[in-house]
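Participant: Structure incoming, see below.
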4 protein chains.
Amino acid sequence: MMTEKDTEVFNIGKCEINSTLDIPQFIPEGERVILDIEYKRIADAFQKEGKALSLENAGPRKKIFFDPHKTKAAIVTCGGLCPGLNNVIKSLVNQLHNYGVKTIYGIPYGYEGLVSSYNHEFIELNPNNVRDIHTKGGTILGSSRGKQDPLEMLDTLVKNDISVLFTIGGDGTLRGQLTIFEEIKKRGLKIATVGVPKTIDNDIRFVDKTFGFETAVSFATMTLQGAHAEATGARNGIGLVKVMGRDSGFIAAYASLASNVVDYVLIPEVDFQLDGERGLLNRLHQTLQKNKHAVILVAEGAGQKFFEDKKEFDASGNIKYGDIGLFLKDKITTYFKEINFHTNLKYIDPSYVIRSMPASPDDAVFCIMLAQNAVHGAMAGKTGVLVGRWNSYFTFIPIKLAIEKRKTIDPKGYLWSIVKEATAQPDLF
Amino acid sequence: MMTEKDTEVFNIGKCEINSTLDIPQFIPEGERVILDIEYKRIADAFQKEGKALSLENAGPRKKIFFDPHKTKAAIVTCGGLCPGLNNVIKSLVNQLHNYGVKTIYGIPYGYEGLVSSYNHEFIELNPNNVRDIHTKGGTILGSSRGKQDPLEMLDTLVKNDISVLFTIGGDGTLRGQLTIFEEIKKRGLKIATVGVPKTIDNDIRFVDKTFGFETAVSFATMTLQGAHAEATGARNGIGLVKVMGRDSGFIAAYASLASNVVDYVLIPEVDFQLDGERGLLNRLHQTLQKNKHAVILVAEGAGQKFFEDKKEFDASGNIKYGDIGLFLKDKITTYFKEINFHTNLKYIDPSYVIRSMPASPDDAVFCIMLAQNAVHGAMAGKTGVLVGRWNSYFTFIPIKLAIEKRKTIDPKGYLWSIVKEATAQPDLF
Amino acid sequence: MMTEKDTEVFNIGKCEINSTLDIPQFIPEGERVILDIEYKRIADAFQKEGKALSLENAGPRKKIFFDPHKTKAAIVTCGGLCPGLNNVIKSLVNQLHNYGVKTIYGIPYGYEGLVSSYNHEFIELNPNNVRDIHTKGGTILGSSRGKQDPLEMLDTLVKNDISVLFTIGGDGTLRGQLTIFEEIKKRGLKIATVGVPKTIDNDIRFVDKTFGFETAVSFATMTLQGAHAEATGARNGIGLVKVMGRDSGFIAAYASLASNVVDYVLIPEVDFQLDGERGLLNRLHQTLQKNKHAVILVAEGAGQKFFEDKKEFDASGNIKYGDIGLFLKDKITTYFKEINFHTNLKYIDPSYVIRSMPASPDDAVFCIMLAQNAVHGAMAGKTGVLVGRWNSYFTFIPIKLAIEKRKTIDPKGYLWSIVKEATAQPDLF
Amino acid sequence: MMTEKDTEVFNIGKCEINSTLDIPQFIPEGERVILDIEYKRIADAFQKEGKALSLENAGPRKKIFFDPHKTKAAIVTCGGLCPGLNNVIKSLVNQLHNYGVKTIYGIPYGYEGLVSSYNHEFIELNPNNVRDIHTKGGTILGSSRGKQDPLEMLDTLVKNDISVLFTIGGDGTLRGQLTIFEEIKKRGLKIATVGVPKTIDNDIRFVDKTFGFETAVSFATMTLQGAHAEATGARNGIGLVKVMGRDSGFIAAYASLASNVVDYVLIPEVDFQLDGERGLLNRLHQTLQKNKHAVILVAEGAGQKFFEDKKEFDASGNIKYGDIGLFLKDKITTYFKEINFHTNLKYIDPSYVIRSMPASPDDAVFCIMLAQNAVHGAMAGKTGVLVGRWNSYFTFIPIKLAIEKRKTIDPKGYLWSIVKEATAQPDLF
């Protein structure tokens, strides 16, 4: 059971320095926003306990902890690409500059760059050399996967006199950051670590949406239109598209709604069978008999039960998922060959093209806001946190709380019900 | 002072019919979401009054008011174009069809289509003839501006046995709907009117964002990049761009952030002077001397004080705004001619191109959700309401409450402060 | 050695009917354009032989062969998708309609649709039901691969009283058309067959460019930018992209020029080694050591020598090419693993997304022109021909001449030399 | 009457230096391509005169005139923006670098930058600082309109020891270049001037297409789709779009074909009346009565006869064209008001947005080829020429020949006839 304590943000120390920002409004220290906004539950909580769960409101503080002129900051991007990485980097640099921070290091190639044995040299960042980077996909800092020794990374921070570290990365990265944070706390160091969660899957708990998600949906939608053209362009044509979504099917759900051409959406949150009357293969057969074409959209994490016996792990220690796209391609092709039913399947996996696109304008603005709040938090000495948006407010969330579990699609909730309605897809189990 | 009563949604009558929708979860009648989510204010309210303000949660009801099989529905689009109109029409039709409503009329050319003297014929809509309309900008129904006699419109509804009317339009449309609604109430008719607010400016109160806004920002951003190329391509080049925004500068604010090329953003909410040391003209002169180019982005409603003496009204009774774009173009050109300073101004007004674009994928999904909830509301007998999203929940809002005042940018709030920071723009008054 | 005879277009019979088109200028029967436009060679030819090789100029004739009002036409699309298929269909229909042809059949699913045992029903086409198809990718008629019996197809034409057949397809389709044409000639039937060559690879001899090519290059370029982001985003990142190009590397060449991010371009026309000092693997190693990232673009037909021992054939009888993309991915990964050099390869194959896109505006106009000239030719009784553009004139080319060999990139010519220059790529053999 | 002499390219002197380029094939000095490719006319010419008109083939020469290591080059961009300017600049720099030229000056703000009294400082260009400029619209060098004193400009070249000048500009620029060239010839200086013609209108004689044209058509097409949405979205809606095209209506013609939504296309080459039965206003009335909406596309140079009595001139000495867009807007609105016929006109002028866009991939490749050939020409001592593409060959054309008259649309030719057919537009005079 979640408690108030879980939502508490750790501050390094007392904020006694006047903010160097020249702005009309600061956010009062301790301002919070309600976590659950459904009225009856709030009312109940207040009635019973006189209080309800909430998150700390982000934004600029009047008093800050770090003296900007003496502070060195560092930025690191980890894991796979995601639209908006460069936008976040740029805005971090600009906002640090606005505070008056002079030294900002870009850490090359993810956490590797913080491990001295890799011999990667820091990149000095300033508003000039990041001016145009937001127009490009990828990350100018480079990235890498895989765990690195937190102690070694911390040593590098200390050796380089870095007191503020921004990590932009996913689950693994945040776990790494958490370990560093705990070690910092143990040693009583005055180093703040603030995360900007990067997950194209949009699966962070207590975070409405993550940057890059919308850009990903746009491009996935375009891909689906292509798959639909392929499917209708052949007798019993099948367009099979795999998109990102390890634990959560948000990209698949949104893209199927936006494109309006999908017959079957398979996501990690909803079980499906291949065989049997209600299974995908038989259903697909019916669809083809009726429409002469079909489009299937599968999130990469769907149907992992089919790979139970052959689990592998990647460099970051994540389970290596079985390739459900190729698996389905194979199963579908075999099935129809066996029942001697002519089909024409085209398999499309646009993941790398999607990941590496520049951010859409909406994502671009969102990245600015995330990055600015990350800087506000760090300068005020918040640490061990990530910055997110929740119910339209930017908030600081303890990493521990955020990574405890994933945000997923509720199979009985509104989003999945409209996907099912839009696709006219029956249960497949 | 706003009270609970203001947020109460009027129901035509008791919902006694079982919903015809086959979905796993219905929203309990009366479920609400908190209006203000800042923790201290909520806590205070509960402590002092034992309650706080909230809005009715939208979504499907288990019991509905109208018998779908006997219900005729109508859809009307009014006012200027906005990306997403066809998406909303399509989803209304599909969702009505899901409920089992057989007769769905498209009203041609806005409110005109409800006035018999115009002799416009209704268009019968069904899932087949709206299948592909979401890929196109504009509205397949046509639109019009201008007030029509509410009594005459109501007569048309009655004569055609229409018991559910969906209006998609802006401020004027909602006011028209309100009058119809009040007349219906007076006469005790069983007709529901539900609005889907259409304002590219994103200026509806208690509504996080309106459909089309994001698409508009995307295109405005692209235009700004062009204006920047024009400005840097000439000695003392000035790119002057006017975008939509009668009372609220949201498009201007977001596009300036997304593009990162704007020097001055002028919005209705923030005053500015032309003359004097702190005035735009002098500041612009300084910018040109420093950078040799400048980009100015002006929302159409900015600087209306300069037209105080020549107010006109359009067909809908809205004040016709002075053309601040042409005004500035003229003022700037004259000023620099007078001080004999060579400049090269390019004026760009992309409004009509923006308005008529198809919806972006994100807007497309949003339109589906808005339309579905509008249908849920209408079928449950909610009337005199509009459907919106507030803090990530879809809600029903009494029209009266929503149109009382506009949502605007707070000149002291976060959005404007980051715009000022991103543009490095000083106060111009 | 090519002779005048090879370029002669076969006419079914004398053109004695006045054209029903109302246009200011007709192309005189027999007007031709020079084939080779290099001056000295032309001068030589005229000096020595009093003549030079030329192609028949397309365009509308004043006298036509078929009486439009009695003529039934048919359109068939074969083989893989290509941007612009629907544009060509639409323009064929519109132009036939302009001539006064009332009955226009769409043949479903390629040549299958002309074989009665498949039981595909013809689709009646008219300007109304093709109005909006040009905005979509794919083909509304459907397509298929694979040989069908020409005699059976001819029987279907005869049985349905079709006297004009338009085929839109690639090499295999044109060969099929040629057989039908020869059988028609043998039997003395009055049926014209005119081809609109469809090859996204742009590899038709005596044809400057084919429709869809430019759209393909645009999207391939965008993909390369993504691959570049992936490559620079990882330590020793390698972006490997495979694009269409079975026998000709035009898409690869143009996309590498347009994107300006490619280090190695591999095309069917230019040999390369994997091993040895000058081989790709060693060169790639050097590039990575120098730049820390590399992008490789490979046309699907490149490096087929590596698959010599395992040739397969597809349904159309084309050699099934070995998957050079996956092959390279494997070889590169293994190589660097063996020499213990960390790399990070991302493999991207955007083919299906590219093929299924709608035509770019430039391709859209080109499709109109091709289709109109195809109709002009057919109505004038030209048969056994395809329509193409050569040196900016539209021409009729005997199919036999066109399919004799492919248009390819000259490894010593201008295009390849600028690709090599732009990529700074050394010879790899 | 044009003669061989008119097509002769002036060479500064004998080419005695070995090319520093390492490429497999050079173009033999004096190679030419036939000008007119229609067979009978060529045959006639050879029969009667033993020769025909031709243009000099561009491409790299084995022997060049300038010693790259001692040569300083300069690049200037003049007049209005056009997509592709930065691509041309980049490729000029890269190719000069390939030859071994070390000093490359960017001249700021057009011809102004060559006049010392403006005090603009040259920008040193090299492959590094132009690496990414091709992704942006506009020109990094800046531009200006207006005549400058050729003698003064020549002085600047001489003073700075510049022996190769590349001008990228339109008609006025080429005339300026011609004067400089003639003065150079008179003084016997060893300075080459080579032009890359920049006209978004695509109106250069003996040049198939100019860079930026295709990008312009793409965007104009998108604008037309918006205008169509506006027109259909209102009762008797009229979408009126003005595009570039001072003397030639190519953009208008192509965009109307690509979009397929235009009812009337007005271009400079084809007269039209407003009044009378056959005039635009009456025709438009008929269209609205029939379809309830209409789209008009007007090239800026159309209908200039309506402004005969008020001619003005711009800074470059070009006639300032009357604004036919606003003129038509006014005339149409007034006409329908007078006959008391409700209409709703939306006027869209996307010119500045179009001009400032980045080049499409196809244009990007084309810019590379133009720029490379410009450098080949200059290094070989060709001067007083521009580089163009004619019948798919790149050629050098004496400026004098090229600017003698404009390339325009033949009102009786193929292009205009298909536009009329596609729009179903009758003669308006």
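Simple scheme: letters A, B, ... for chains in structure tokens order, numbers from 1 for residues in each chain, numbers from 1 for ligands in the order shown.
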Using only C-alpha atoms and a distance of at most 12 Å, pull out the residues of chain C that contact chain B, as a list in words.

Facilitator: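 So the contacting residues turn out to be Asp132, Ile133, Thr135 and Lys136 of chain C.
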
Participant: Any chance you could export the current selection's C-alpha atoms as a short mmCIF file (atom, residue, chain, number, x, y, z; two decimals), in the first residue's frame?

Facilitator:
```cif
data_model
loop_
_atom_site.label_atom_id
_atom_site.label_comp_id
_atom_site.auth_asym_id
_atom_site.auth_seq_id
_atom_site.Cartn_x
_atom_site.Cartn_y
_atom_site.Cartn_z
CA ASP C 132 -10.13 10.45 -54.62
CA ILE C 133 -7.99 7.38 -55.15
CA THR C 135 -4.50 10.44 -52.38
CA LYS C 136 -3.86 6.86 -51.32
#
```

Participant: Can you list, as a PyMOL selection string, every protein, DNA or RNA residue that comes within 8 Å of range 328-338 of chain A when you count only C-alpha atoms, leaving out same-chain residues fewer than 3 positions away?

Facilitator: chain A and resi 240+281+324-325+341-343+345+347

Participant: One number please: CA of Gly113 in chain A to CA of Gln372 in chain A, in Å, one decimal.

Facilitator: 23.6 Å

Participant: Could you check the closest approach to Gln95 in chain D for each of C:Ile319, C:Ile12, C:Val194, C:Ala422 and tell me which residue wins, using only C-alpha atoms?

Facilitator: C:Ala422

Participant: DSSP on the backbone, then: every residue of range 120-314 of chain D marked helix (DSSP H, G or I), written as a VMD selection string.

Facilitator: chain D and resid 133 to 135 150 to 159 171 to 187 213 to 232 250 to 259 280 to 291 304 to 310

Participant: Nearest to Ile75 in chain C among C:Ala371, C:Ile251, C:Val265, C:Val387, with distances taken over only C-alpha atoms: which residue is it?

Facilitator: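 When distances to Ile75 in chain C are compared using only C-alpha atoms, the smallest one comes from C:Ala371.
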
Participant: Select from range 10-242 of chain A everything DSSP, run on the backbone, classes as strand (DSSP E or B), then give the selection as a ChimeraX atom specification.

Facilitator: /A:10-11,17-18,32-34,38,54-57,63-64,72-77,103-107,123-124,143,164-169,192-197,204,234,237-242

Participant: With only C-alpha atoms as the counted atoms, please give the residues lying no more than 8 Å from range 382-384 of chain D, apart from itself and same-chain residues fewer than 2 positions off, as a ChimeraX atom specification.

Facilitator: /D:9-12,177-178,181-182,191-195,377-380,386,398-399

Participant: Determine, counting only C-alpha atoms, which protein, DNA and RNA residues have an atom within 6 Å of an atom of Phe394 in chain D; residues of the same chain fewer than 4 positions away are not included. Present the result as a ChimeraX atom specification.

Facilitator: /D:58,388-389

Participant: Please list as number ranges by chain every residue within 10 Å of range 114-129 of chain B, counting only C-alpha atoms and excluding residues in the same chain fewer than 3 positions away.

Facilitator: B: 73-76, 89-98, 101-111, 132-133, 140-141, 148-157; D: 235

Participant: Dump C-alpha atoms for the selected residues as a PDB file, in the first residue's frame?

Facilitator:
```
ATOM      1  CA  ALA B  73     -29.586  12.394 -34.218  1.00  0.00           C
ATOM      2  CA  ALA B  74     -28.160  15.398 -36.026  1.00  0.00           C
ATOM      3  CA  ILE B  75     -24.690  16.865 -36.332  1.00  0.00           C
ATOM      4  CA  VAL B  76     -23.851  20.445 -37.215  1.00  0.00           C
ATOM      5  CA  ILE B  89     -18.127  13.869 -37.384  1.00  0.00           C
ATOM      6  CA  LYS B  90     -16.916  10.393 -38.247  1.00  0.00           C
ATOM      7  CA  SER B  91     -16.598   9.307 -34.646  1.00  0.00           C
ATOM      8  CA  LEU B  92     -19.983  10.718 -33.691  1.00  0.00           C
ATOM      9  CA  VAL B  93     -21.528   8.710 -36.505  1.00  0.00           C
ATOM     10  CA  ASN B  94     -19.652   5.550 -35.600  1.00  0.00           C
ATOM     11  CA  GLN B  95     -20.499   5.793 -31.933  1.00  0.00           C
ATOM     12  CA  LEU B  96     -24.168   6.555 -32.568  1.00  0.00           C
ATOM     13  CA  HIS B  97     -24.163   3.554 -34.861  1.00  0.00           C
ATOM     14  CA  ASN B  98     -22.612   1.468 -32.081  1.00  0.00           C
ATOM     15  CA  VAL B 101     -29.054   4.811 -33.702  1.00  0.00           C
ATOM     16  CA  LYS B 102     -30.134   4.360 -37.309  1.00  0.00           C
ATOM     17  CA  THR B 103     -30.926   7.869 -38.481  1.00  0.00           C
ATOM     18  CA  ILE B 104     -28.124  10.405 -38.327  1.00  0.00           C
ATOM     19  CA  TYR B 105     -28.497  13.672 -40.179  1.00  0.00           C
ATOM     20  CA  GLY B 106     -25.646  15.901 -41.197  1.00  0.00           C
ATOM     21  CA  ILE B 107     -26.862  19.507 -41.102  1.00  0.00           C
ATOM     22  CA  PRO B 108     -25.375  21.402 -44.032  1.00  0.00           C
ATOM     23  CA  TYR B 109     -23.632  24.753 -43.683  1.00  0.00           C
ATOM     24  CA  GLY B 110     -23.825  25.260 -39.950  1.00  0.00           C
ATOM     25  CA  TYR B 111     -26.836  26.727 -38.226  1.00  0.00           C
ATOM     26  CA  ASP B 132     -12.506   8.030 -45.177  1.00  0.00           C
ATOM     27  CA  ILE B 133     -13.409  11.561 -44.225  1.00  0.00           C
ATOM     28  CA  ILE B 140     -17.877  17.491 -45.179  1.00  0.00           C
ATOM     29  CA  LEU B 141     -21.000  19.161 -43.832  1.00  0.00           C
ATOM     30  CA  GLN B 148     -29.723  32.158 -36.709  1.00  0.00           C
ATOM     31  CA  ASP B 149     -33.034  32.352 -34.913  1.00  0.00           C
ATOM     32  CA  PRO B 150     -32.937  29.657 -32.179  1.00  0.00           C
ATOM     33  CA  LEU B 151     -36.699  29.202 -32.275  1.00  0.00           C
ATOM     34  CA  GLU B 152     -36.636  28.504 -35.969  1.00  0.00           C
ATOM     35  CA  MET B 153     -33.796  26.048 -35.477  1.00  0.00           C
ATOM     36  CA  LEU B 154     -35.676  24.292 -32.714  1.00  0.00           C
ATOM     37  CA  ASP B 155     -38.720  24.062 -34.955  1.00  0.00           C
ATOM     38  CA  THR B 156     -36.629  22.267 -37.534  1.00  0.00           C
ATOM     39  CA  LEU B 157     -35.411  19.785 -34.930  1.00  0.00           C
TER      40      LEU B 157
ATOM     41  CA  ARG D 235     -21.800  27.726 -48.870  1.00  0.00           C
TER      42      ARG D 235
END
```

Participant: I want to know what sits within 10 Å of Leu35 in chain B, based on only C-alpha atoms, with residues of the same chain fewer than 4 positions away left out; could you give that as a list in words?

Facilitator: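 What passes the distance filter is Ile37, Glu38 and Tyr39 of chain A; Thr7, Ile42, Ala52, Leu53, Ser54, Leu55, Glu56, Phe206, Trp390 and Asn391 of chain B.
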
Participant: Since we have the selection now, will you write its residues out, keeping C-alpha atoms, as a PDB file, in the first residue's frame?

Facilitator:
```
ATOM      1  CA  ILE A  37      -8.396  13.191  -8.939  1.00  0.00           C
ATOM      2  CA  GLU A  38     -11.583  11.130  -8.759  1.00  0.00           C
ATOM      3  CA  TYR A  39     -13.811  13.070  -6.409  1.00  0.00           C
TER       4      TYR A  39
ATOM      5  CA  THR B   7     -21.022  22.682 -12.474  1.00  0.00           C
ATOM      6  CA  ILE B  42      -8.410  21.053  -1.875  1.00  0.00           C
ATOM      7  CA  ALA B  52     -14.668  20.905  -3.113  1.00  0.00           C
ATOM      8  CA  LEU B  53     -15.605  21.859  -6.627  1.00  0.00           C
ATOM      9  CA  SER B  54     -15.666  19.112  -9.238  1.00  0.00           C
ATOM     10  CA  LEU B  55     -16.829  18.296 -12.760  1.00  0.00           C
ATOM     11  CA  GLU B  56     -18.963  15.406 -13.939  1.00  0.00           C
ATOM     12  CA  PHE B 206     -12.070  24.188 -17.842  1.00  0.00           C
ATOM     13  CA  TRP B 390      -9.746  18.379 -17.790  1.00  0.00           C
ATOM     14  CA  ASN B 391      -6.664  17.066 -16.028  1.00  0.00           C
TER      15      ASN B 391
END
```
